[in-house]
Amino acid sequence: MSKSPKRSSPRKSRPDGTREIHHRVKNNLQIIASILRLQMRREESLSAQTALGGAITRIMGMVQVHDLLAQEEVPRVDLRELLGRLLDLNVQAFMMPGQTIRPVTTGPSVVVSGDKAVSIALAANELIVNVLKHAYRGRREGKIEARVGTEGGGVVVEVEDDGTGLPAGFTLAAGSNLGLRLVQSVVRDDLRGEFMLVPGKRGTSATIRFRKRT
Ligand SMILES: Nc1ncnc2c1ncn2[C@@H]1O[C@H](COP(=O)(O)OP(=O)(O)OP(=O)(O)O)[C@@H](O)[C@H]1O
Ligand SMILES: [Mg+2]
């Protein structure tokens, strides 16, 4: 029989209890999201509802990472699986009635540390939500593609849409609200990487590049 590099029997918890901790963090984040959801339903002001909705979306992105980490024997995350989950979750949450937005995840399996996965989840969530909020306004169909790959020892994560494109004269410096500011600071400070948001083949293309160093 060939030897498997990984232990094949699923264990309930690692000896250090890290899986249990991720499980608890996930549950606590879900409780926070539920509290915010209750508060959002009671709010009459649209701007308060929007702000609370944004916070819930960001927290639910982090839930996905801790859910994946709670299943792993080693604290590592497969980026393609993470991106696939974030795409599905947000398409379900934001697709308007009568709209068909097709989520596609491509690329090889690229594994990163839990810390990096949390940063990538935060940034990728913003990019995916942006596509759903801005790229297909007034359109019935679209495709949103998340790609993961490696390039000269580094990791590349791309989110591309075939929607309306960025507003005329858009620059990251002038056109970023909280979402893209968060992406820029996470990529620069936490991942020590680079971020680009440019016109794509048809719509908009966002790229994050960083070194794995794990
Ligand atoms: N994929 C995209 N297609 C078209 N326009 C986009 C796309 N991504 C970003 N934009 C434009 O960039 C602007 C800034 O995005 P950003 O995420 O910073 O803010 P926001 O989505 O408006 O609000 P929030 O702070 O809640 O994220 C958007 O308002 C939108 O005009
Ligand atoms: Mg945004």
# chains A, B, ... in the order shown; residues from 1 in each chain; ligands from 1
call {"tool": "residues_near_ligand", "arguments": {"ligand": "ligand 1", "cutoff": "8 Å", "atoms": "only C-alpha atoms and all ligand atoms", "output": "VMD selection string"}}
result
chain A and resid 50 to 51 54 126 to 136 160 to 161 163 to 167 170 172 175 to 182 197 203 to 206
call {"tool": "residues_around", "arguments": {"residues": "Gly61 (chain A)", "least_positions_apart": "3", "cutoff": "7 Å", "atoms": "only C-alpha atoms", "output": "PDB file with N, CA, C and O atoms, in the first residue's frame"}}
result
ATOM      1  N   THR A  57     -21.533  41.128   6.441  1.00  0.00           N
ATOM      2  CA  THR A  57     -20.870  40.472   5.305  1.00  0.00           C
ATOM      3  C   THR A  57     -19.394  40.224   5.613  1.00  0.00           C
ATOM      4  O   THR A  57     -18.850  39.156   5.307  1.00  0.00           O
ATOM      5  N   ARG A  58     -18.734  41.201   6.214  1.00  0.00           N
ATOM      6  CA  ARG A  58     -17.302  41.056   6.513  1.00  0.00           C
ATOM      7  C   ARG A  58     -17.084  39.957   7.562  1.00  0.00           C
ATOM      8  O   ARG A  58     -16.164  39.152   7.443  1.00  0.00           O
ATOM      9  N   GLN A  64     -15.945  31.798   7.299  1.00  0.00           N
ATOM     10  CA  GLN A  64     -15.559  30.745   6.351  1.00  0.00           C
ATOM     11  C   GLN A  64     -14.147  30.247   6.624  1.00  0.00           C
ATOM     12  O   GLN A  64     -13.859  29.050   6.532  1.00  0.00           O
ATOM     13  N   LEU A  86     -16.466  31.784  -0.582  1.00  0.00           N
ATOM     14  CA  LEU A  86     -16.813  33.209  -0.505  1.00  0.00           C
ATOM     15  C   LEU A  86     -17.673  33.615  -1.695  1.00  0.00           C
ATOM     16  O   LEU A  86     -18.625  34.385  -1.562  1.00  0.00           O
ATOM     17  N   ALA A 121      -9.181  36.358   2.952  1.00  0.00           N
ATOM     18  CA  ALA A 121     -10.648  36.288   3.009  1.00  0.00           C
ATOM     19  C   ALA A 121     -11.248  37.680   3.126  1.00  0.00           C
ATOM     20  O   ALA A 121     -12.229  38.008   2.448  1.00  0.00           O
ATOM     21  N   LEU A 122     -10.633  38.517   3.972  1.00  0.00           N
ATOM     22  CA  LEU A 122     -11.142  39.889   4.125  1.00  0.00           C
ATOM     23  C   LEU A 122     -11.087  40.637   2.801  1.00  0.00           C
ATOM     24  O   LEU A 122     -12.058  41.274   2.374  1.00  0.00           O
ATOM     25  N   ASN A 125     -13.317  39.026  -0.047  1.00  0.00           N
ATOM     26  CA  ASN A 125     -14.734  39.275   0.214  1.00  0.00           C
ATOM     27  C   ASN A 125     -15.145  40.655  -0.313  1.00  0.00           C
ATOM     28  O   ASN A 125     -16.188  40.814  -0.942  1.00  0.00           O
TER      29      ASN A 125
END
call {"tool": "select_by_dssp", "arguments": {"residues": "region 24-170 of chain A", "states": "strand (DSSP E or B)", "output": "number ranges by chain"}}
result
A: 76-78, 100-106, 111-113, 141-151, 154-161
call {"tool": "write_last_selection", "arguments": {"atoms": "N, CA and C atoms", "output": "short mmCIF file (atom, residue, chain, number, x, y, z; two decimals), in the first residue's frame"}}
result
data_model
loop_
_atom_site.label_atom_id
_atom_site.label_comp_id
_atom_site.auth_asym_id
_atom_site.auth_seq_id
_atom_site.Cartn_x
_atom_site.Cartn_y
_atom_site.Cartn_z
N ARG A 76 -3.86 25.27 8.09
CA ARG A 76 -3.63 25.78 6.74
C ARG A 76 -4.93 25.75 5.96
N VAL A 77 -4.99 26.62 4.95
CA VAL A 77 -6.23 26.74 4.19
C VAL A 77 -5.94 26.65 2.70
N ASP A 78 -6.76 25.89 2.00
CA ASP A 78 -6.67 25.82 0.55
C ASP A 78 -7.41 27.03 -0.03
N THR A 100 -29.00 36.32 -13.07
CA THR A 100 -28.23 35.08 -13.03
C THR A 100 -26.75 35.44 -13.07
N ILE A 101 -26.10 35.31 -11.95
CA ILE A 101 -24.66 35.58 -11.87
C ILE A 101 -23.98 34.23 -11.63
N ARG A 102 -23.07 33.89 -12.55
CA ARG A 102 -22.44 32.56 -12.48
C ARG A 102 -21.10 32.66 -11.77
N PRO A 103 -20.95 32.01 -10.60
CA PRO A 103 -19.65 32.03 -9.92
C PRO A 103 -18.74 30.91 -10.44
N VAL A 104 -17.49 31.24 -10.76
CA VAL A 104 -16.54 30.23 -11.26
C VAL A 104 -15.23 30.38 -10.48
N THR A 105 -14.72 29.28 -9.97
CA THR A 105 -13.42 29.31 -9.28
C THR A 105 -12.45 28.44 -10.05
N THR A 106 -11.27 28.98 -10.39
CA THR A 106 -10.31 28.19 -11.16
C THR A 106 -8.92 28.27 -10.54
N VAL A 111 -2.03 26.30 -0.92
CA VAL A 111 -2.29 26.25 0.52
C VAL A 111 -1.49 27.35 1.23
N VAL A 112 -2.16 28.08 2.15
CA VAL A 112 -1.49 29.15 2.91
C VAL A 112 -1.78 28.98 4.41
N SER A 113 -1.01 29.71 5.23
CA SER A 113 -1.20 29.65 6.68
C SER A 113 -2.56 30.27 7.06
N GLU A 141 -27.49 39.26 -16.46
CA GLU A 141 -26.57 38.13 -16.45
C GLU A 141 -25.14 38.56 -16.23
N GLY A 142 -24.36 37.69 -15.66
CA GLY A 142 -22.95 38.00 -15.49
C GLY A 142 -22.18 36.78 -15.01
N LYS A 143 -20.86 36.92 -15.10
CA LYS A 143 -20.01 35.84 -14.61
C LYS A 143 -18.96 36.45 -13.69
N ILE A 144 -18.72 35.84 -12.57
CA ILE A 144 -17.70 36.33 -11.66
C ILE A 144 -16.70 35.20 -11.44
N GLU A 145 -15.45 35.47 -11.80
CA GLU A 145 -14.45 34.41 -11.76
C GLU A 145 -13.37 34.72 -10.73
N ALA A 146 -13.13 33.78 -9.82
CA ALA A 146 -12.02 33.90 -8.87
C ALA A 146 -10.95 32.91 -9.30
N ARG A 147 -9.72 33.42 -9.47
CA ARG A 147 -8.62 32.54 -9.91
C ARG A 147 -7.53 32.57 -8.87
N VAL A 148 -6.95 31.42 -8.62
CA VAL A 148 -5.79 31.38 -7.74
C VAL A 148 -4.66 30.72 -8.52
N GLY A 149 -3.44 31.20 -8.31
CA GLY A 149 -2.31 30.62 -9.03
C GLY A 149 -1.01 30.96 -8.34
N THR A 150 0.10 30.40 -8.86
CA THR A 150 1.41 30.73 -8.34
C THR A 150 2.22 31.35 -9.45
N GLU A 151 3.18 32.19 -9.06
CA GLU A 151 3.97 32.93 -10.05
C GLU A 151 5.32 33.23 -9.41
N GLY A 154 5.54 33.25 -5.74
CA GLY A 154 4.49 34.04 -5.08
C GLY A 154 3.12 33.48 -5.40
N VAL A 155 2.12 34.05 -4.74
CA VAL A 155 0.73 33.62 -4.95
C VAL A 155 -0.05 34.76 -5.61
N VAL A 156 -0.91 34.41 -6.55
CA VAL A 156 -1.75 35.40 -7.22
C VAL A 156 -3.22 35.02 -7.01
N VAL A 157 -4.00 36.01 -6.58
CA VAL A 157 -5.45 35.81 -6.45
C VAL A 157 -6.13 36.88 -7.30
N GLU A 158 -6.99 36.45 -8.23
CA GLU A 158 -7.67 37.42 -9.11
C GLU A 158 -9.18 37.27 -8.99
N VAL A 159 -9.86 38.40 -9.07
CA VAL A 159 -11.33 38.39 -9.13
C VAL A 159 -11.71 39.22 -10.36
N GLU A 160 -12.36 38.57 -11.33
CA GLU A 160 -12.66 39.26 -12.59
C GLU A 160 -14.15 39.16 -12.90
N ASP A 161 -14.71 40.28 -13.41
CA ASP A 161 -16.11 40.25 -13.82
C ASP A 161 -16.23 40.70 -15.27
#
call {"tool": "select_by_dssp", "arguments": {"residues": "chain A", "states": "helix (DSSP H, G or I)", "output": "compact mmCIF listing (two decimals) with N, CA and C atoms, in the first residue's frame"}}
result
# COMPACT_ATOMS: atom_id res chain seq x y z
N THR A 18 -6.31 23.35 18.79
CA THR A 18 -6.47 24.50 17.89
C THR A 18 -7.75 24.40 17.06
N ARG A 19 -8.09 23.18 16.67
CA ARG A 19 -9.33 23.04 15.88
C ARG A 19 -10.53 23.46 16.70
N GLU A 20 -10.53 23.07 17.96
CA GLU A 20 -11.62 23.43 18.86
C GLU A 20 -11.71 24.96 18.99
N ILE A 21 -10.54 25.59 19.07
CA ILE A 21 -10.53 27.06 19.20
C ILE A 21 -11.14 27.70 17.95
N HIS A 22 -10.74 27.20 16.76
CA HIS A 22 -11.31 27.77 15.52
C HIS A 22 -12.82 27.57 15.48
N HIS A 23 -13.25 26.41 15.98
CA HIS A 23 -14.68 26.14 16.01
C HIS A 23 -15.40 27.16 16.90
N ARG A 24 -14.79 27.44 18.04
CA ARG A 24 -15.40 28.42 18.96
C ARG A 24 -15.38 29.82 18.40
N VAL A 25 -14.26 30.18 17.76
CA VAL A 25 -14.18 31.52 17.15
C VAL A 25 -15.27 31.65 16.10
N LYS A 26 -15.42 30.60 15.30
CA LYS A 26 -16.46 30.60 14.25
C LYS A 26 -17.84 30.80 14.89
N ASN A 27 -18.14 30.04 15.94
CA ASN A 27 -19.45 30.16 16.59
C ASN A 27 -19.65 31.56 17.15
N ASN A 28 -18.60 32.12 17.78
CA ASN A 28 -18.73 33.46 18.36
C ASN A 28 -18.95 34.51 17.27
N LEU A 29 -18.24 34.36 16.15
CA LEU A 29 -18.44 35.31 15.05
C LEU A 29 -19.87 35.22 14.52
N GLN A 30 -20.38 33.99 14.46
CA GLN A 30 -21.76 33.82 13.97
C GLN A 30 -22.77 34.46 14.93
N ILE A 31 -22.46 34.39 16.23
CA ILE A 31 -23.35 35.02 17.22
C ILE A 31 -23.32 36.54 17.03
N ILE A 32 -22.12 37.09 16.83
CA ILE A 32 -22.00 38.55 16.61
C ILE A 32 -22.80 38.94 15.37
N ALA A 33 -22.66 38.14 14.30
CA ALA A 33 -23.40 38.45 13.06
C ALA A 33 -24.91 38.40 13.31
N SER A 34 -25.37 37.44 14.12
CA SER A 34 -26.82 37.34 14.41
C SER A 34 -27.30 38.57 15.18
N ILE A 35 -26.48 39.00 16.14
CA ILE A 35 -26.87 40.19 16.93
C ILE A 35 -26.98 41.40 16.00
N LEU A 36 -25.99 41.55 15.12
CA LEU A 36 -26.02 42.69 14.20
C LEU A 36 -27.22 42.60 13.26
N ARG A 37 -27.56 41.36 12.86
CA ARG A 37 -28.72 41.17 11.96
C ARG A 37 -30.02 41.61 12.65
N LEU A 38 -30.14 41.25 13.93
CA LEU A 38 -31.34 41.67 14.70
C LEU A 38 -31.39 43.19 14.77
N GLN A 39 -30.22 43.77 15.03
CA GLN A 39 -30.16 45.24 15.15
C GLN A 39 -30.51 45.89 13.80
N MET A 40 -30.03 45.27 12.72
CA MET A 40 -30.28 45.82 11.38
C MET A 40 -31.79 45.84 11.08
N ARG A 41 -32.48 44.77 11.51
CA ARG A 41 -33.93 44.70 11.25
C ARG A 41 -34.70 45.77 12.00
N ARG A 42 -34.15 46.19 13.14
CA ARG A 42 -34.86 47.20 13.94
C ARG A 42 -34.55 48.62 13.50
N LEU A 46 -31.71 54.00 6.54
CA LEU A 46 -31.11 53.18 5.49
C LEU A 46 -29.59 53.13 5.65
N SER A 47 -28.99 54.27 6.04
CA SER A 47 -27.52 54.27 6.14
C SER A 47 -27.07 53.37 7.30
N ALA A 48 -27.85 53.33 8.38
CA ALA A 48 -27.49 52.43 9.49
C ALA A 48 -27.65 50.98 9.04
N GLN A 49 -28.72 50.69 8.28
CA GLN A 49 -28.92 49.31 7.79
C GLN A 49 -27.77 48.90 6.88
N THR A 50 -27.34 49.83 6.01
CA THR A 50 -26.25 49.52 5.07
C THR A 50 -24.95 49.25 5.83
N ALA A 51 -24.67 50.08 6.84
CA ALA A 51 -23.44 49.92 7.61
C ALA A 51 -23.45 48.58 8.35
N LEU A 52 -24.60 48.24 8.95
CA LEU A 52 -24.69 46.97 9.68
C LEU A 52 -24.58 45.78 8.71
N GLY A 53 -25.22 45.93 7.54
CA GLY A 53 -25.16 44.87 6.52
C GLY A 53 -23.71 44.64 6.08
N GLY A 54 -22.96 45.73 5.90
CA GLY A 54 -21.54 45.62 5.51
C GLY A 54 -20.74 44.89 6.57
N ALA A 55 -21.00 45.20 7.83
CA ALA A 55 -20.27 44.54 8.93
C ALA A 55 -20.60 43.05 8.96
N ILE A 56 -21.87 42.70 8.75
CA ILE A 56 -22.28 41.28 8.77
C ILE A 56 -21.56 40.52 7.65
N THR A 57 -21.53 41.13 6.44
CA THR A 57 -20.87 40.47 5.30
C THR A 57 -19.39 40.22 5.61
N ARG A 58 -18.73 41.20 6.21
CA ARG A 58 -17.30 41.06 6.51
C ARG A 58 -17.08 39.96 7.56
N ILE A 59 -17.95 39.92 8.56
CA ILE A 59 -17.81 38.89 9.60
C ILE A 59 -18.06 37.50 9.01
N MET A 60 -19.06 37.38 8.13
CA MET A 60 -19.36 36.07 7.55
C MET A 60 -18.22 35.56 6.65
N GLY A 61 -17.46 36.48 6.06
CA GLY A 61 -16.27 36.08 5.30
C GLY A 61 -15.25 35.43 6.22
N MET A 62 -15.08 36.00 7.42
CA MET A 62 -14.11 35.44 8.37
C MET A 62 -14.59 34.11 8.94
N VAL A 63 -15.91 33.95 9.05
CA VAL A 63 -16.47 32.68 9.52
C VAL A 63 -15.99 31.53 8.62
N GLN A 64 -15.95 31.80 7.30
CA GLN A 64 -15.56 30.75 6.35
C GLN A 64 -14.15 30.25 6.62
N VAL A 65 -13.23 31.18 6.96
CA VAL A 65 -11.84 30.77 7.22
C VAL A 65 -11.79 29.89 8.46
N HIS A 66 -12.46 30.33 9.53
CA HIS A 66 -12.39 29.54 10.77
C HIS A 66 -13.10 28.20 10.62
N ASP A 67 -14.12 28.16 9.77
CA ASP A 67 -14.78 26.89 9.51
C ASP A 67 -13.82 25.94 8.81
N LEU A 68 -13.06 26.46 7.82
CA LEU A 68 -12.10 25.60 7.11
C LEU A 68 -10.98 25.17 8.07
N LEU A 69 -10.50 26.11 8.91
CA LEU A 69 -9.41 25.78 9.84
C LEU A 69 -9.87 24.76 10.89
N ALA A 70 -11.14 24.80 11.24
CA ALA A 70 -11.66 23.86 12.24
C ALA A 70 -11.69 22.43 11.69
N GLN A 71 -11.65 22.30 10.35
CA GLN A 71 -11.70 20.97 9.75
C GLN A 71 -10.31 20.40 9.48
N LEU A 79 -6.64 27.90 -0.69
CA LEU A 79 -7.22 29.16 -1.17
C LEU A 79 -8.35 28.96 -2.18
N ARG A 80 -8.22 27.93 -3.02
CA ARG A 80 -9.27 27.74 -4.02
C ARG A 80 -10.60 27.39 -3.33
N GLU A 81 -10.49 26.57 -2.30
CA GLU A 81 -11.71 26.20 -1.56
C GLU A 81 -12.30 27.42 -0.86
N LEU A 82 -11.41 28.23 -0.26
CA LEU A 82 -11.87 29.44 0.44
C LEU A 82 -12.56 30.40 -0.54
N LEU A 83 -11.94 30.63 -1.70
CA LEU A 83 -12.53 31.56 -2.68
C LEU A 83 -13.86 31.03 -3.19
N GLY A 84 -13.93 29.73 -3.42
CA GLY A 84 -15.18 29.11 -3.89
C GLY A 84 -16.31 29.35 -2.88
N ARG A 85 -15.98 29.18 -1.61
CA ARG A 85 -17.00 29.41 -0.57
C ARG A 85 -17.44 30.86 -0.52
N LEU A 86 -16.47 31.78 -0.58
CA LEU A 86 -16.81 33.21 -0.50
C LEU A 86 -17.67 33.61 -1.70
N LEU A 87 -17.33 33.08 -2.88
CA LEU A 87 -18.13 33.38 -4.07
C LEU A 87 -19.57 32.89 -3.89
N ASP A 88 -19.72 31.63 -3.51
CA ASP A 88 -21.07 31.05 -3.39
C ASP A 88 -21.90 31.80 -2.36
N LEU A 89 -21.27 32.06 -1.21
CA LEU A 89 -21.98 32.74 -0.12
C LEU A 89 -22.49 34.11 -0.56
N ASN A 90 -21.62 34.88 -1.21
CA ASN A 90 -21.99 36.24 -1.58
C ASN A 90 -22.95 36.29 -2.77
N VAL A 91 -22.79 35.36 -3.70
CA VAL A 91 -23.74 35.31 -4.83
C VAL A 91 -25.14 35.03 -4.28
N GLN A 92 -25.22 34.07 -3.34
CA GLN A 92 -26.53 33.76 -2.73
C GLN A 92 -27.10 34.98 -2.01
N ALA A 93 -26.22 35.73 -1.33
CA ALA A 93 -26.69 36.85 -0.51
C ALA A 93 -27.06 38.08 -1.34
N PHE A 94 -26.35 38.33 -2.45
CA PHE A 94 -26.50 39.62 -3.14
C PHE A 94 -27.17 39.56 -4.51
N GLY A 114 -3.02 29.94 8.25
CA GLY A 114 -4.29 30.47 8.74
C GLY A 114 -4.31 31.99 8.78
N ASP A 115 -3.20 32.60 9.22
CA ASP A 115 -3.13 34.07 9.30
C ASP A 115 -3.32 34.71 7.93
N LYS A 116 -2.59 34.16 6.95
CA LYS A 116 -2.69 34.73 5.59
C LYS A 116 -4.11 34.50 5.05
N ALA A 117 -4.68 33.35 5.37
CA ALA A 117 -6.03 33.05 4.87
C ALA A 117 -7.04 34.07 5.39
N VAL A 118 -6.90 34.50 6.65
CA VAL A 118 -7.83 35.49 7.21
C VAL A 118 -7.71 36.80 6.43
N SER A 119 -6.46 37.22 6.15
CA SER A 119 -6.26 38.47 5.39
C SER A 119 -6.84 38.35 3.99
N ILE A 120 -6.58 37.22 3.33
CA ILE A 120 -7.08 37.04 1.96
C ILE A 120 -8.61 37.00 1.95
N ALA A 121 -9.18 36.36 2.95
CA ALA A 121 -10.65 36.29 3.01
C ALA A 121 -11.25 37.68 3.13
N LEU A 122 -10.63 38.52 3.97
CA LEU A 122 -11.14 39.89 4.13
C LEU A 122 -11.09 40.64 2.80
N ALA A 123 -9.93 40.56 2.13
CA ALA A 123 -9.74 41.31 0.89
C ALA A 123 -10.62 40.74 -0.23
N ALA A 124 -10.61 39.41 -0.39
CA ALA A 124 -11.37 38.80 -1.49
C ALA A 124 -12.86 39.04 -1.31
N ASN A 125 -13.32 39.03 -0.05
CA ASN A 125 -14.73 39.27 0.21
C ASN A 125 -15.14 40.66 -0.31
N GLU A 126 -14.32 41.66 -0.05
CA GLU A 126 -14.63 43.02 -0.53
C GLU A 126 -14.71 43.06 -2.05
N LEU A 127 -13.75 42.38 -2.70
CA LEU A 127 -13.72 42.41 -4.17
C LEU A 127 -14.94 41.70 -4.76
N ILE A 128 -15.32 40.59 -4.15
CA ILE A 128 -16.48 39.83 -4.65
C ILE A 128 -17.77 40.62 -4.42
N VAL A 129 -17.90 41.20 -3.23
CA VAL A 129 -19.11 41.98 -2.94
C VAL A 129 -19.18 43.18 -3.88
N ASN A 130 -18.04 43.80 -4.18
CA ASN A 130 -18.03 44.93 -5.12
C ASN A 130 -18.58 44.53 -6.49
N VAL A 131 -18.17 43.37 -6.97
CA VAL A 131 -18.68 42.91 -8.27
C VAL A 131 -20.20 42.81 -8.20
N LEU A 132 -20.68 42.17 -7.13
CA LEU A 132 -22.13 41.93 -7.04
C LEU A 132 -22.91 43.23 -6.83
N LYS A 133 -22.28 44.20 -6.13
CA LYS A 133 -22.99 45.46 -5.87
C LYS A 133 -22.91 46.44 -7.04
N HIS A 134 -21.76 46.47 -7.72
CA HIS A 134 -21.54 47.54 -8.70
C HIS A 134 -21.52 47.09 -10.16
N ALA A 135 -21.01 45.87 -10.44
CA ALA A 135 -20.73 45.53 -11.85
C ALA A 135 -21.98 45.14 -12.64
N LEU A 172 -7.62 54.36 -7.66
CA LEU A 172 -7.74 53.78 -6.31
C LEU A 172 -7.62 54.86 -5.24
N ALA A 173 -6.73 55.82 -5.49
CA ALA A 173 -6.49 56.86 -4.48
C ALA A 173 -7.75 57.70 -4.25
N ALA A 174 -8.43 58.05 -5.35
CA ALA A 174 -9.57 58.96 -5.21
C ALA A 174 -10.91 58.22 -5.06
N GLY A 175 -11.00 57.01 -5.65
CA GLY A 175 -12.31 56.37 -5.76
C GLY A 175 -12.62 55.34 -4.69
N LEU A 178 -14.62 52.63 2.09
CA LEU A 178 -14.10 51.74 3.13
C LEU A 178 -13.60 50.40 2.55
N GLY A 179 -14.41 49.82 1.61
CA GLY A 179 -14.09 48.49 1.09
C GLY A 179 -12.70 48.41 0.46
N LEU A 180 -12.43 49.25 -0.53
CA LEU A 180 -11.15 49.18 -1.23
C LEU A 180 -10.00 49.69 -0.36
N ARG A 181 -10.29 50.57 0.58
CA ARG A 181 -9.24 50.99 1.53
C ARG A 181 -8.82 49.81 2.40
N LEU A 182 -9.82 49.03 2.81
CA LEU A 182 -9.55 47.83 3.61
C LEU A 182 -8.68 46.85 2.80
N VAL A 183 -9.04 46.66 1.53
CA VAL A 183 -8.26 45.74 0.68
C VAL A 183 -6.82 46.23 0.58
N GLN A 184 -6.64 47.52 0.32
CA GLN A 184 -5.29 48.05 0.14
C GLN A 184 -4.47 47.90 1.42
N SER A 185 -5.08 48.17 2.57
CA SER A 185 -4.29 48.09 3.80
C SER A 185 -3.99 46.64 4.17
N VAL A 186 -4.93 45.72 3.96
CA VAL A 186 -4.67 44.30 4.25
C VAL A 186 -3.55 43.77 3.35
N VAL A 187 -3.62 44.10 2.06
CA VAL A 187 -2.62 43.57 1.12
C VAL A 187 -1.24 44.16 1.42
N ARG A 188 -1.20 45.45 1.70
CA ARG A 188 0.10 46.10 1.95
C ARG A 188 0.67 45.71 3.32
N ASP A 189 -0.13 45.83 4.37
CA ASP A 189 0.40 45.68 5.73
C ASP A 189 0.43 44.23 6.20
N ASP A 190 -0.59 43.45 5.89
CA ASP A 190 -0.63 42.08 6.42
C ASP A 190 0.03 41.08 5.47
call {"tool": "atom_distance", "arguments": {"atom1": "CA of Ile208 (chain A)", "atom2": "CA of Phe195 (chain A)"}}
result
4.7 Å
call {"tool": "atom_distance", "arguments": {"atom1": "CA of Glu194 (chain A)", "atom2": "CA of Gly107 (chain A)"}}
result
19.5 Å
call {"tool": "atom_distance", "arguments": {"atom1": "CA of Gly193 (chain A)", "atom2": "CA of Arg209 (chain A)"}}
result
5.4 Å
call {"tool": "decode", "arguments": {"residues": "region 66-81 of chain A", "atoms": "N, CA and C atoms", "output": "compact mmCIF listing (two decimals), in the first residue's frame"}}
result
# COMPACT_ATOMS: atom_id res chain seq x y z
N HIS A 66 -12.46 30.33 9.53
CA HIS A 66 -12.39 29.54 10.77
C HIS A 66 -13.10 28.20 10.62
N ASP A 67 -14.12 28.16 9.77
CA ASP A 67 -14.78 26.89 9.51
C ASP A 67 -13.82 25.94 8.81
N LEU A 68 -13.06 26.46 7.82
CA LEU A 68 -12.10 25.60 7.11
C LEU A 68 -10.98 25.17 8.07
N LEU A 69 -10.50 26.11 8.91
CA LEU A 69 -9.41 25.78 9.84
C LEU A 69 -9.87 24.76 10.89
N ALA A 70 -11.14 24.80 11.24
CA ALA A 70 -11.66 23.86 12.24
C ALA A 70 -11.69 22.43 11.69
N GLN A 71 -11.65 22.30 10.35
CA GLN A 71 -11.70 20.97 9.75
C GLN A 71 -10.31 20.40 9.48
N GLU A 72 -9.28 21.23 9.56
CA GLU A 72 -7.94 20.81 9.15
C GLU A 72 -7.11 20.33 10.32
N GLU A 73 -6.24 19.35 10.04
CA GLU A 73 -5.33 18.89 11.09
C GLU A 73 -4.21 19.90 11.30
N VAL A 74 -3.77 20.52 10.22
CA VAL A 74 -2.75 21.56 10.35
C VAL A 74 -3.43 22.90 10.04
N PRO A 75 -3.00 23.99 10.69
CA PRO A 75 -3.72 25.26 10.50
C PRO A 75 -3.41 25.90 9.15
N ARG A 76 -3.86 25.27 8.09
CA ARG A 76 -3.63 25.78 6.74
C ARG A 76 -4.93 25.75 5.96
N VAL A 77 -4.99 26.62 4.95
CA VAL A 77 -6.23 26.74 4.19
C VAL A 77 -5.94 26.65 2.70
N ASP A 78 -6.76 25.89 2.00
CA ASP A 78 -6.67 25.82 0.55
C ASP A 78 -7.41 27.03 -0.03
N LEU A 79 -6.64 27.90 -0.69
CA LEU A 79 -7.22 29.16 -1.17
C LEU A 79 -8.35 28.96 -2.18
N ARG A 80 -8.22 27.93 -3.02
CA ARG A 80 -9.27 27.74 -4.02
C ARG A 80 -10.60 27.39 -3.33
N GLU A 81 -10.49 26.57 -2.30
CA GLU A 81 -11.71 26.20 -1.56
C GLU A 81 -12.30 27.42 -0.86
